[in-house]
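In what follows, a structure is listed as structure tokens, so that the remarks can point back to it.
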Amino acid sequence: EPFSQAPFTSPLFMAATRSGTIVEVDPTKWEERPKKEGEIQGRLILSAQNGPVHALAASPIGNFLAVGSHSGLLQLWDMDKKQLVGEKKFEPKQSISCACYNPNGTLLAVGFTNGGMKVLRAPALTELADGEFNNCKGCVTFISFSRNCIATADADRCVALYKSAGTENNWAFVAKYRSHTAPITSLMLFTETTTTNAGPATADAEDVDQRLLSVGEDRRMVEYDIRKSSLGGGLA
């Protein structure tokens, strides 16, 4: 069907509200009519914080949800029990803007409005000794995490790349690049595995390719070459 006539489809998703609640939204039941002031469009699943929530990250292992806000409060919730199992309060100037887990759920990257980023152990929420970075001038708006790379996008229209230095406890800044002329609206970092005659490649095989892409309001999609990116050569 032509794009303009095709029905919009989407899986269930979670959304955070200004009142600190988390709701589950079913797009198939979305109504076009205006809602009343203060009415929630979706199923209430959690009342997390007393103020607006600005970051959500679901753990790929267990049923944990990380919730953060500009107040600097980071919470970890057990969604099965609807129980708070951990929290961390950052310094006043460290207002949380986004968060993302690594694929195996052992690390949580947190972005801040001042351009900083921290990598924490999960679920303990303790900071890594080499996991604090201040390479962005604008608010960190997106974080994407792969097996051994972290990518961020910020309000200064830049994409930054970080790589693990041998283990998941050691990380290093690689490079950043202002790739868009308008705000970045999406950031994707994922592993693409080539299937051979012997079956799917393992995560450590040479034919596993990590891809990093960004999309902006300038209607541009930019792909970066992670293998060719370096501290001296920049983000390729």
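Identifiers for the structure tokens are assigned positionally: chains receive A, B, ... in sequence, residues are indexed from 1 per chain, and ligands are indexed from 1 in the order shown.
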
Backbone DSSP call of strand (DSSP E) for range 6-120 of chain A, listed as a ChimeraX atom specification: /A:13-16,21-25,43-47,55-58,64-68,73-78,83-89,96-101,107-112,117-120

Applying 9 Å and only C-alpha atoms, which residues near Ser10 in chain A remain after dropping the ones on its own chain fewer than 4 positions away? List them as a list in words. Asp26, Pro27 and Thr28 of chain A

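Shortest atom-to-atom contact with Val140 in chain A among A:Asn63, A:Thr126, A:Thr185, A:Thr167: A:Thr185, counting only C-alpha atoms.
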
Please provide as a PDB file with all heavy atoms, in the first residue's frame all residues within 8 Å of Phe112 in chain A, with the sequence filter that same-chain residues fewer than 4 positions apart are discarded (counting only C-alpha atoms).
```pdb
ATOM      1  N   GLN A  94      24.003  17.277  37.980  1.00  0.00           N
ATOM      2  CA  GLN A  94      23.906  16.091  37.148  1.00  0.00           C
ATOM      3  C   GLN A  94      22.453  15.668  37.021  1.00  0.00           C
ATOM      4  O   GLN A  94      21.973  14.776  37.713  1.00  0.00           O
ATOM      5  CB  GLN A  94      24.777  14.971  37.718  1.00  0.00           C
ATOM      6  CG  GLN A  94      26.272  15.299  37.676  1.00  0.00           C
ATOM      7  CD  GLN A  94      27.131  14.221  38.269  1.00  0.00           C
ATOM      8  OE1 GLN A  94      26.756  13.572  39.240  1.00  0.00           O
ATOM      9  NE2 GLN A  94      28.308  14.011  37.702  1.00  0.00           N
ATOM     10  N   SER A  95      21.750  16.354  36.123  1.00  0.00           N
ATOM     11  CA  SER A  95      20.343  16.065  35.869  1.00  0.00           C
ATOM     12  C   SER A  95      20.236  14.984  34.807  1.00  0.00           C
ATOM     13  O   SER A  95      20.757  15.140  33.697  1.00  0.00           O
ATOM     14  CB  SER A  95      19.614  17.331  35.404  1.00  0.00           C
ATOM     15  OG  SER A  95      19.688  18.343  36.387  1.00  0.00           O
ATOM     16  N   ILE A  96      19.578  13.882  35.119  1.00  0.00           N
ATOM     17  CA  ILE A  96      19.507  12.733  34.209  1.00  0.00           C
ATOM     18  C   ILE A  96      18.611  13.050  33.015  1.00  0.00           C
ATOM     19  O   ILE A  96      17.497  13.552  33.174  1.00  0.00           O
ATOM     20  CB  ILE A  96      18.988  11.496  34.957  1.00  0.00           C
ATOM     21  CG1 ILE A  96      19.921  11.153  36.124  1.00  0.00           C
ATOM     22  CG2 ILE A  96      18.862  10.301  34.013  1.00  0.00           C
ATOM     23  CD1 ILE A  96      19.370  10.097  37.056  1.00  0.00           C
ATOM     24  N   SER A  97      19.115  12.729  31.820  1.00  0.00           N
ATOM     25  CA  SER A  97      18.346  12.974  30.600  1.00  0.00           C
ATOM     26  C   SER A  97      18.028  11.699  29.827  1.00  0.00           C
ATOM     27  O   SER A  97      17.060  11.658  29.066  1.00  0.00           O
ATOM     28  CB  SER A  97      19.104  13.943  29.682  1.00  0.00           C
ATOM     29  OG  SER A  97      20.413  13.455  29.401  1.00  0.00           O
ATOM     30  N   CYS A  98      18.837  10.631  29.983  1.00  0.00           N
ATOM     31  CA  CYS A  98      18.586   9.381  29.268  1.00  0.00           C
ATOM     32  C   CYS A  98      19.399   8.268  29.916  1.00  0.00           C
ATOM     33  O   CYS A  98      20.311   8.524  30.717  1.00  0.00           O
ATOM     34  CB  CYS A  98      18.931   9.509  27.783  1.00  0.00           C
ATOM     35  SG  CYS A  98      20.624  10.040  27.456  1.00  0.00           S
ATOM     36  N   GLY A 116      27.482  15.282  30.399  1.00  0.00           N
ATOM     37  CA  GLY A 116      28.246  14.192  30.979  1.00  0.00           C
ATOM     38  C   GLY A 116      27.581  12.841  30.780  1.00  0.00           C
ATOM     39  O   GLY A 116      26.392  12.746  30.439  1.00  0.00           O
ATOM     40  N   MET A 117      28.355  11.780  30.979  1.00  0.00           N
ATOM     41  CA  MET A 117      27.850  10.420  30.932  1.00  0.00           C
ATOM     42  C   MET A 117      28.598   9.580  31.952  1.00  0.00           C
ATOM     43  O   MET A 117      29.802   9.760  32.156  1.00  0.00           O
ATOM     44  CB  MET A 117      28.023   9.801  29.546  1.00  0.00           C
ATOM     45  CG  MET A 117      27.443   8.389  29.449  1.00  0.00           C
ATOM     46  SD  MET A 117      27.862   7.517  27.920  1.00  0.00           S
ATOM     47  CE  MET A 117      29.605   7.175  28.176  1.00  0.00           C
ATOM     48  N   CYS A 139      23.224  18.781  26.118  1.00  0.00           N
ATOM     49  CA  CYS A 139      22.520  17.717  26.821  1.00  0.00           C
ATOM     50  C   CYS A 139      22.612  16.409  26.043  1.00  0.00           C
ATOM     51  O   CYS A 139      22.420  16.376  24.827  1.00  0.00           O
ATOM     52  CB  CYS A 139      21.053  18.118  26.995  1.00  0.00           C
ATOM     53  SG  CYS A 139      19.968  16.813  27.600  1.00  0.00           S
ATOM     54  N   VAL A 140      22.931  15.310  26.740  1.00  0.00           N
ATOM     55  CA  VAL A 140      22.953  13.990  26.104  1.00  0.00           C
ATOM     56  C   VAL A 140      21.502  13.546  25.912  1.00  0.00           C
ATOM     57  O   VAL A 140      20.772  13.361  26.887  1.00  0.00           O
ATOM     58  CB  VAL A 140      23.726  12.971  26.957  1.00  0.00           C
ATOM     59  CG1 VAL A 140      23.707  11.596  26.292  1.00  0.00           C
ATOM     60  CG2 VAL A 140      25.164  13.438  27.166  1.00  0.00           C
TER      61      VAL A 140
END
```

Top pick for closest residue to Asn170 in chain A, considering A:Pro60, A:Pro183, A:Gly72, A:Gly131 and counting only C-alpha atoms: A:Gly131

Skipping near chain neighbours, those fewer than 6 positions away, what residues fall within 9 Å of Ser229 in chain A using only C-alpha atoms, listed as a PyMOL selection string? chain A and resi 161+174-175+235-236

Would you save the residues from that selection as a tab-separated table (two decimals), in the first residue's frame, using all heavy atoms?
```tsv
chain	number	residue	atom	x	y	z
A	161	LEU	N	31.47	8.37	20.29
A	161	LEU	CA	31.69	6.93	20.38
A	161	LEU	C	32.68	6.62	21.50
A	161	LEU	O	33.71	7.29	21.65
A	161	LEU	CB	32.23	6.40	19.05
A	161	LEU	CG	32.54	4.90	18.98
A	161	LEU	CD1	31.26	4.07	19.10
A	161	LEU	CD2	33.27	4.56	17.68
A	174	VAL	N	36.50	7.63	22.23
A	174	VAL	CA	37.16	7.45	20.94
A	174	VAL	C	37.13	8.75	20.14
A	174	VAL	O	38.17	9.31	19.78
A	174	VAL	CB	36.51	6.31	20.13
A	174	VAL	CG1	37.16	6.19	18.74
A	174	VAL	CG2	36.62	4.99	20.88
A	175	ALA	N	35.94	9.25	19.85
A	175	ALA	CA	35.83	10.45	19.02
A	175	ALA	C	34.37	10.91	19.00
A	175	ALA	O	33.46	10.19	19.41
A	175	ALA	CB	36.30	10.16	17.59
A	235	LEU	N	35.79	10.26	14.33
A	235	LEU	CA	34.67	9.37	14.05
A	235	LEU	C	34.49	9.29	12.55
A	235	LEU	O	34.14	10.27	11.90
A	235	LEU	CB	33.41	9.88	14.73
A	235	LEU	CG	32.17	8.97	14.68
A	235	LEU	CD1	32.47	7.60	15.28
A	235	LEU	CD2	31.01	9.62	15.44
A	236	ALA	N	34.74	8.11	11.98
A	236	ALA	CA	34.71	7.95	10.51
A	236	ALA	C	33.29	7.72	10.01
A	236	ALA	O	32.46	7.15	10.70
A	236	ALA	CB	35.60	6.78	10.12
```

Out of A:Ala16, A:Leu74, A:Leu84, A:Ile226, which residue has the shortest atom-to-atom distance to Pro52 in chain A when counting only C-alpha atoms? A:Ala16

Quick one: residues within 12 Å of Leu187 in chain A, only C-alpha atoms counted, chain neighbours fewer than 5 positions away excluded, as number ranges by chain? A: 100, 140-145, 150-154, 157-161, 179, 211-216, 221-224

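Between CA of Ala109 in chain A and CA of Gly62 in chain A the separation is 17.5 Å.
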
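Atom pair CA of Phe64 in chain A / CA of Tyr162 in chain A: separated by 24.9 Å.
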
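CA of Tyr101 in chain A sits 9.8 Å away from CA of Ile61 in chain A.
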